[in-house]
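Participant: One file: input_33.cif (mmCIF, C-alpha atoms).
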```cif
data_start
#
loop_
_atom_site.label_atom_id
_atom_site.label_comp_id
_atom_site.auth_asym_id
_atom_site.auth_seq_id
_atom_site.Cartn_x
_atom_site.Cartn_y
_atom_site.Cartn_z
CA MET X 298 70.27 -0.57 -8.38
CA ASN X 299 70.72 -1.89 -11.92
CA GLU X 300 73.42 -0.56 -14.23
CA THR X 301 71.05 1.31 -16.56
CA LEU X 302 69.47 3.25 -13.70
CA THR X 303 72.87 3.97 -12.15
CA ARG X 304 74.15 5.27 -15.47
CA ALA X 305 71.03 7.43 -15.99
CA LEU X 306 71.21 8.97 -12.50
CA SER X 307 74.94 9.61 -12.76
CA GLY X 308 74.56 11.20 -16.20
CA GLY X 309 71.62 13.30 -15.02
CA VAL X 310 73.58 14.70 -12.09
CA TYR X 311 76.51 15.50 -14.39
CA VAL X 312 74.32 17.33 -16.94
CA ALA X 313 72.40 19.23 -14.25
CA LEU X 314 75.62 20.29 -12.51
CA LEU X 315 77.12 21.40 -15.82
CA ILE X 316 74.13 23.51 -16.87
CA ILE X 317 73.38 25.03 -13.46
CA CYS X 318 76.98 25.97 -12.64
CA THR X 319 77.68 27.32 -16.13
CA LEU X 320 74.60 29.53 -16.23
CA PHE X 321 74.34 30.53 -12.55
CA SER X 322 77.39 32.80 -12.40
CA SER X 323 80.87 33.32 -13.76
CA LEU X 324 82.31 32.17 -10.42
CA SER X 325 80.39 28.87 -10.37
CA PHE X 326 81.40 28.27 -14.01
CA HIS X 327 85.09 28.78 -13.20
CA ILE X 328 84.93 26.63 -10.08
CA LEU X 329 83.21 23.76 -11.90
CA PHE X 330 85.60 23.66 -14.84
CA THR X 331 88.62 24.13 -12.61
CA VAL X 332 87.48 21.10 -10.62
CA PHE X 333 86.92 19.21 -13.89
CA MET X 334 90.41 20.20 -15.02
CA CYS X 335 92.07 19.00 -11.81
CA LEU X 336 90.16 15.70 -11.87
CA SER X 337 91.15 15.18 -15.51
CA ILE X 338 94.80 15.90 -14.69
CA PHE X 339 94.83 13.34 -11.87
CA GLU X 340 92.99 10.73 -13.97
CA PHE X 341 95.39 11.19 -16.87
CA ALA X 342 98.43 11.13 -14.57
CA LYS X 343 97.23 7.89 -12.96
CA MET X 344 96.54 6.38 -16.37
CA THR X 345 100.03 7.28 -17.65
CA LYS X 346 101.79 6.64 -14.32
CA PHE X 347 102.98 10.25 -14.01
CA ASN X 348 104.11 11.14 -10.48
CA TYR X 349 103.72 14.93 -10.34
CA PRO X 350 100.13 15.88 -11.26
CA TYR X 351 99.93 18.35 -8.37
CA VAL X 352 102.21 20.78 -10.22
CA PHE X 353 99.86 20.90 -13.20
CA ALA X 354 96.76 21.05 -11.03
CA LEU X 355 98.19 24.02 -9.11
CA PHE X 356 99.20 25.73 -12.35
CA GLY X 357 95.71 25.18 -13.74
CA ILE X 358 94.09 26.62 -10.59
CA LEU X 359 96.29 29.72 -10.80
CA LEU X 360 95.45 30.15 -14.49
CA SER X 361 91.74 29.83 -13.77
CA ALA X 362 91.94 32.39 -10.96
CA ALA X 363 93.86 34.81 -13.19
CA ILE X 364 91.27 34.48 -15.95
CA TYR X 365 88.39 34.99 -13.50
CA VAL X 366 89.94 38.10 -11.98
CA GLY X 367 91.46 39.61 -15.11
CA LYS X 368 88.78 38.65 -17.67
CA PRO X 369 91.35 38.79 -20.51
CA ARG X 370 90.28 39.02 -24.14
CA PRO X 371 90.72 35.86 -26.24
CA ASN X 372 93.04 37.72 -28.67
CA ASN X 373 95.73 37.59 -25.99
CA PHE X 374 95.79 33.79 -26.24
CA VAL X 375 96.19 33.36 -30.00
CA TYR X 376 99.66 31.76 -29.80
CA ILE X 377 98.59 29.46 -26.98
CA ALA X 378 95.61 28.34 -29.06
CA ILE X 379 97.81 27.75 -32.10
CA GLY X 380 100.24 25.71 -30.00
CA SER X 381 97.42 23.57 -28.63
CA VAL X 382 96.00 23.03 -32.13
CA ILE X 383 99.42 21.99 -33.46
CA PHE X 384 99.81 19.52 -30.58
CA GLY X 385 96.34 18.13 -31.33
CA LEU X 386 97.34 17.63 -34.97
CA MET X 387 100.50 15.83 -33.82
CA LEU X 388 98.36 13.46 -31.75
CA LEU X 389 96.15 12.85 -34.78
CA ASN X 390 99.19 12.12 -36.92
CA ASN X 391 100.26 9.48 -34.39
CA LEU X 392 96.69 8.17 -34.20
CA PHE X 393 96.34 7.68 -37.96
CA ARG X 394 99.85 6.27 -38.36
CA ASN X 395 99.37 4.00 -35.33
CA ILE X 396 102.39 5.44 -33.53
CA THR X 397 102.47 5.06 -29.75
CA PHE X 398 101.65 8.42 -28.15
CA SER X 399 104.46 8.10 -25.62
CA LYS X 400 107.02 7.50 -28.40
CA ASN X 401 107.45 11.16 -29.40
CA HIS X 402 105.94 13.04 -26.46
CA LYS X 403 106.44 13.12 -22.71
CA THR X 404 103.59 12.93 -20.21
CA PHE X 405 104.17 16.48 -18.99
CA SER X 406 103.57 17.84 -22.51
CA HIS X 407 100.35 15.83 -22.70
CA LEU X 408 99.20 17.18 -19.35
CA PHE X 409 99.99 20.75 -20.38
CA LEU X 410 98.87 20.86 -24.02
CA TYR X 411 96.25 18.09 -24.05
CA ILE X 412 94.47 18.94 -20.78
CA THR X 413 95.52 22.11 -18.94
CA ILE X 414 95.58 24.52 -21.91
CA PRO X 415 92.29 23.30 -23.48
CA PHE X 416 90.52 23.76 -20.14
CA THR X 417 92.00 27.25 -19.96
CA LEU X 418 90.57 28.00 -23.41
CA ILE X 419 87.16 26.67 -22.31
CA LEU X 420 87.21 29.25 -19.50
CA LEU X 421 87.96 31.94 -22.10
CA LEU X 422 85.23 30.97 -24.61
CA PRO X 423 82.54 33.14 -22.93
CA ASN X 424 84.83 36.17 -23.34
CA PHE X 425 84.29 36.22 -27.10
CA LYS X 426 81.23 38.29 -26.22
CA TYR X 427 80.99 41.28 -23.91
CA PRO X 428 79.66 40.92 -21.32
CA SER X 429 80.77 37.27 -21.07
CA GLU X 430 78.29 34.84 -22.61
CA HIS X 431 78.48 31.44 -20.91
CA ARG X 432 75.78 29.96 -23.13
CA ILE X 433 78.52 29.53 -25.75
CA VAL X 434 79.86 26.64 -23.67
CA ILE X 435 76.39 25.14 -23.18
CA ALA X 436 75.78 25.25 -26.94
CA ILE X 437 79.05 23.42 -27.63
CA PHE X 438 78.13 20.71 -25.13
CA ILE X 439 74.68 20.35 -26.71
CA MET X 440 76.32 19.84 -30.10
CA ILE X 441 78.73 17.26 -28.68
CA TRP X 442 75.88 15.35 -27.05
CA CYS X 443 73.88 15.55 -30.29
CA ASN X 444 76.85 14.31 -32.33
CA ASP X 445 77.52 11.40 -29.96
CA THR X 446 73.85 10.40 -29.77
CA PHE X 447 73.09 10.43 -33.49
CA ALA X 448 76.44 8.93 -34.47
CA TYR X 449 75.52 6.02 -32.19
CA LEU X 450 71.91 5.73 -33.42
CA VAL X 451 72.74 6.00 -37.12
CA GLY X 452 75.74 3.71 -36.73
CA LYS X 453 73.67 1.12 -34.90
CA SER X 454 70.90 1.29 -37.52
CA ILE X 455 72.79 1.35 -40.82
CA GLY X 456 76.49 1.42 -39.92
CA LYS X 457 78.63 -1.11 -41.78
CA THR X 458 81.96 0.53 -42.56
CA LYS X 459 84.26 0.80 -39.54
CA LEU X 460 85.75 4.23 -38.88
CA MET X 461 88.85 3.08 -36.98
CA GLU X 462 88.26 -0.47 -35.79
CA ARG X 463 91.61 -0.96 -34.05
CA ILE X 464 90.81 1.93 -31.67
CA SER X 465 87.02 1.97 -31.41
CA PRO X 466 85.32 -1.10 -32.94
CA LYS X 467 81.79 0.32 -32.66
CA LYS X 468 82.31 3.60 -34.54
CA THR X 469 81.30 3.58 -38.21
CA ILE X 470 81.65 6.00 -41.11
CA GLU X 471 77.87 5.99 -41.57
CA GLY X 472 77.43 6.90 -37.91
CA PHE X 473 80.01 9.67 -38.23
CA ILE X 474 78.18 11.17 -41.24
CA GLY X 475 74.87 10.92 -39.40
CA GLY X 476 76.39 12.71 -36.40
CA VAL X 477 77.66 15.53 -38.65
CA ILE X 478 74.27 16.02 -40.32
CA PHE X 479 72.23 16.06 -37.13
CA THR X 480 74.73 18.27 -35.32
CA ILE X 481 74.49 20.84 -38.13
CA ILE X 482 70.69 20.70 -37.82
CA ALA X 483 71.04 21.21 -34.06
CA SER X 484 73.31 24.21 -34.65
CA ILE X 485 70.69 25.83 -36.89
CA LEU X 486 68.07 25.36 -34.16
CA ILE X 487 70.50 26.78 -31.58
CA SER X 488 70.97 29.89 -33.75
CA TYR X 489 67.27 30.73 -33.28
CA PHE X 490 67.63 30.77 -29.49
CA TYR X 491 71.23 31.91 -29.04
CA THR X 492 71.21 34.89 -31.38
CA PHE X 493 74.45 36.39 -30.05
CA PHE X 494 76.18 34.34 -32.81
CA ASN X 495 74.88 34.15 -36.38
CA VAL X 496 73.88 30.88 -38.03
CA THR X 497 77.10 30.70 -40.06
CA LEU X 498 79.21 30.74 -36.91
CA TRP X 499 77.06 28.10 -35.25
CA ILE X 500 77.23 25.82 -38.31
CA GLY X 501 81.00 26.23 -38.43
CA THR X 502 81.13 25.29 -34.74
CA ALA X 503 78.96 22.22 -35.42
CA ILE X 504 81.27 20.99 -38.19
CA LEU X 505 84.33 21.36 -35.95
CA VAL X 506 82.53 19.61 -33.08
CA SER X 507 81.52 16.69 -35.30
CA ILE X 508 84.97 16.19 -36.79
CA PHE X 509 87.36 16.99 -33.96
CA GLY X 510 85.01 15.89 -31.18
CA THR X 511 84.90 12.43 -32.74
CA LEU X 512 88.68 12.44 -33.24
CA GLY X 513 89.15 13.55 -29.63
CA ASP X 514 87.18 10.54 -28.46
CA LEU X 515 89.44 8.30 -30.56
CA VAL X 516 92.57 9.98 -29.17
CA GLU X 517 91.48 9.30 -25.60
CA SER X 518 90.54 5.74 -26.52
CA LYS X 519 94.09 5.25 -27.80
CA PHE X 520 95.51 6.64 -24.55
CA LYS X 521 93.38 4.16 -22.61
CA ARG X 522 94.34 1.24 -24.84
CA GLU X 523 98.03 2.01 -24.38
CA ALA X 524 97.46 2.24 -20.61
CA GLY X 525 95.46 -1.01 -20.60
CA VAL X 526 92.40 0.50 -18.90
CA LYS X 527 88.71 0.62 -19.85
CA ASP X 528 87.94 4.00 -18.23
CA SER X 529 90.04 6.96 -17.18
CA GLY X 530 88.49 6.85 -13.70
CA SER X 531 85.44 5.80 -11.71
CA ILE X 532 84.05 9.04 -10.29
CA MET X 533 80.88 8.75 -12.44
CA PRO X 534 79.20 5.37 -11.87
CA GLY X 535 78.31 3.76 -15.18
CA HIS X 536 80.24 6.37 -17.18
CA GLY X 537 83.84 6.15 -15.95
CA GLY X 538 85.91 9.21 -15.23
CA ILE X 539 85.56 12.92 -15.91
CA LEU X 540 88.10 12.65 -18.73
CA ASP X 541 85.89 10.00 -20.37
CA ARG X 542 83.04 12.50 -20.46
CA LEU X 543 85.11 15.53 -21.51
CA ASP X 544 87.54 14.00 -24.01
CA SER X 545 85.65 15.42 -26.99
CA VAL X 546 85.25 18.94 -25.63
CA ILE X 547 88.85 19.38 -24.49
CA PHE X 548 90.17 18.17 -27.83
CA VAL X 549 87.85 20.28 -30.00
CA THR X 550 88.03 23.49 -27.93
CA PRO X 551 91.42 24.74 -29.27
CA PHE X 552 90.11 24.32 -32.84
CA ILE X 553 86.89 26.18 -32.02
CA PHE X 554 88.84 28.88 -30.19
CA LEU X 555 91.14 29.44 -33.18
CA PHE X 556 88.14 29.42 -35.54
CA TYR X 557 86.46 32.14 -33.47
CA LEU X 558 89.67 34.20 -33.40
CA ILE X 559 89.91 34.05 -37.19
CA TYR X 560 86.21 34.77 -37.66
CA PHE X 561 85.98 37.77 -35.36
CA ASN X 562 89.29 39.31 -36.45
CA TYR X 563 89.22 38.69 -40.20
CA VAL X 564 85.71 37.74 -41.33
CA SER X 565 83.01 39.56 -39.36
#
```
Output the file's structure as structure tokens, nothing else.
Facilitator:
Amino acid sequence: MNETLTRALSGGVYVALLIICTLFSSLSFHILFTVFMCLSIFEFAKMTKFNYPYVFALFGILLSAAIYVGKPRPNNFVYIAIGSVIFGLMLLNNLFRNITFSKNHKTFSHLFLYITIPFTLILLLPNFKYPSEHRIVIAIFIMIWCNDTFAYLVGKSIGKTKLMERISPKKTIEGFIGGVIFTIIASILISYFYTFFNVTLWIGTAILVSIFGTLGDLVESKFKREAGVKDSGSIMPGHGGILDRLDSVIFVTPFIFLFYLIYFNYVS
């Protein structure tokens, strides 16, 4: 089987699993993303040579179970979201200033604030509506895929100015702008089908996805460069690890979560 076909089949299974489990039931959604979280924890721990990933995996499983049973409102997690956003901004500061990630942070803080907490917030995103609306998560993934696809296509066609060559040589500023534009267009189309959010909220989500999703990909690329590895894992043939596929969504989720908290509490 050639590499292109392997990559296509692997990606197709991943997308089908994501959509089916997210939309089938709240239980299947929680199970899927809890499994994703645990796999990401183990991949990151292996990449950073951390010896105690089981503690964080167990903590994540308990958090997921508590959220599934208790169905807490997102307002209860405002300080957790703020903490995760602040940590994300600290990573970006190190990224832009070319400071080694391990210089100012320990691996356990990365595992907790970079992986475990963002996955927890993903599980809470459907609770911004009552009853829970899991299509919120599907819409965010659609925007991420749209941003990645059009950033690549526009960058390949007309991209000349490198975005951050020392981390990701193929990303260009032209591709980034193209990704933003097409993701906003996608968000407007989504607003016609997913009417539980208005178009303003969807456009705001698209802008955050385009900016912080792209930055999240660069952050994970820096982690991999410092670890001296090409992929975070090998569970998805042709694609790498789960963390390679979810780096954008776990980085952008705290920003989206905080945006929704502000919007629903102070704007709408």
Participant: Could you tell me how far atom CA of Val366 of chain X lies from atom CA of Leu329 of chain X, in Å and to one decimal?
Facilitator: 15.8 Å
Participant: At most 12 Å is the cut-off: for each residue in segment 429-462 of chain X with any atom that close to an atom of segment 539-559 of chain X, write down the nearest atom pair and the distance in Å rounded to one decimal, counting all atoms listed in the file, chain first then increasing number, as JSON lines.
Facilitator:
```
{"residue": "X:Ile433", "atom": "CA", "partner": "X:Ile553", "partner_atom": "CA", "distance": 11.0}
{"residue": "X:Val434", "atom": "CA", "partner": "X:Val546", "partner_atom": "CA", "distance": 9.6}
{"residue": "X:Ile435", "atom": "CA", "partner": "X:Val546", "partner_atom": "CA", "distance": 11.1}
{"residue": "X:Ala436", "atom": "CA", "partner": "X:Val546", "partner_atom": "CA", "distance": 11.5}
{"residue": "X:Ile437", "atom": "CA", "partner": "X:Val546", "partner_atom": "CA", "distance": 7.9}
{"residue": "X:Phe438", "atom": "CA", "partner": "X:Val546", "partner_atom": "CA", "distance": 7.4}
{"residue": "X:Ile439", "atom": "CA", "partner": "X:Val546", "partner_atom": "CA", "distance": 10.7}
{"residue": "X:Met440", "atom": "CA", "partner": "X:Val546", "partner_atom": "CA", "distance": 10.0}
{"residue": "X:Ile441", "atom": "CA", "partner": "X:Ser545", "partner_atom": "CA", "distance": 7.4}
{"residue": "X:Trp442", "atom": "CA", "partner": "X:Ser545", "partner_atom": "CA", "distance": 9.8}
{"residue": "X:Asn444", "atom": "CA", "partner": "X:Ser545", "partner_atom": "CA", "distance": 10.4}
{"residue": "X:Asp445", "atom": "CA", "partner": "X:Ser545", "partner_atom": "CA", "distance": 9.5}
```
Participant: I'd like the interatomic distance between atom CA of Ser322 of chain X and atom CA of Phe425 of chain X, to a tenth of an Å.
Facilitator: 16.6 Å
Participant: Select, from X:Thr511, X:Thr458, X:Ser465, X:Ser325, the residue with the minimum atom-to-atom distance to Lys527 of chain X, counting only C-alpha atoms.
Facilitator: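 The shortest atom-to-atom distance to Lys527 of chain X comes from X:Ser465.
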Participant: Once the PyMOL selection byres ((chain X and resi 413) around 9) has been applied to the shown file, what residues remain in the selection, as a compact mmCIF listing (two decimals) with C-alpha atoms, in the frame of the given file?
Facilitator:
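Listed below is the output, out_21.txt:
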```
# COMPACT_ATOMS: atom_id res chain seq x y z
CA MET X 334 90.41 20.20 -15.02
CA CYS X 335 92.07 19.00 -11.81
CA SER X 337 91.15 15.18 -15.51
CA ILE X 338 94.80 15.90 -14.69
CA PHE X 353 99.86 20.90 -13.20
CA ALA X 354 96.76 21.05 -11.03
CA PHE X 356 99.20 25.73 -12.35
CA GLY X 357 95.71 25.18 -13.74
CA HIS X 407 100.35 15.83 -22.70
CA LEU X 408 99.20 17.18 -19.35
CA PHE X 409 99.99 20.75 -20.38
CA LEU X 410 98.87 20.86 -24.02
CA TYR X 411 96.25 18.09 -24.05
CA ILE X 412 94.47 18.94 -20.78
CA ILE X 414 95.58 24.52 -21.91
CA PRO X 415 92.29 23.30 -23.48
CA PHE X 416 90.52 23.76 -20.14
CA THR X 417 92.00 27.25 -19.96
CA LEU X 418 90.57 28.00 -23.41
```
Participant: Between X:Ile377, X:Leu360, X:Ile478, X:Leu389, which is the closest to Asp514 of chain X once you count only C-alpha atoms?
Facilitator: X:Leu389
Participant: Would you compute the distance between atom CA of Trp499 of chain X and atom CA of Ser484 of chain X? Give it in Å to one decimal.
Facilitator: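 If I compute the distance from atom CA of Trp499 of chain X to atom CA of Ser484 of chain X, I get 5.4 Å.
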Participant: Report as an MDAnalysis selection string the full result of the PyMOL selection byres ((chain X and resi 312-314) around 12) when it is applied to this structure.
Facilitator: chainID X and resid 305:311 315:321 325:326 328:330 333 435 438:439 442 533 542:543
Participant: Nearest to Phe447 of chain X among X:Ser323, X:Thr480, X:Ser381, X:Thr303, with distances taken over all atoms listed in the file: which residue is it?
Facilitator: X:Thr480
Participant: Which is closer to Asn372 of chain X than all the others in X:Phe509, X:Leu450, X:Phe479, X:Asn424, using all atoms listed in the file?
Facilitator: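 Nearest candidate to Asn372 of chain X out of X:Phe509, X:Leu450, X:Phe479, X:Asn424: X:Asn424.
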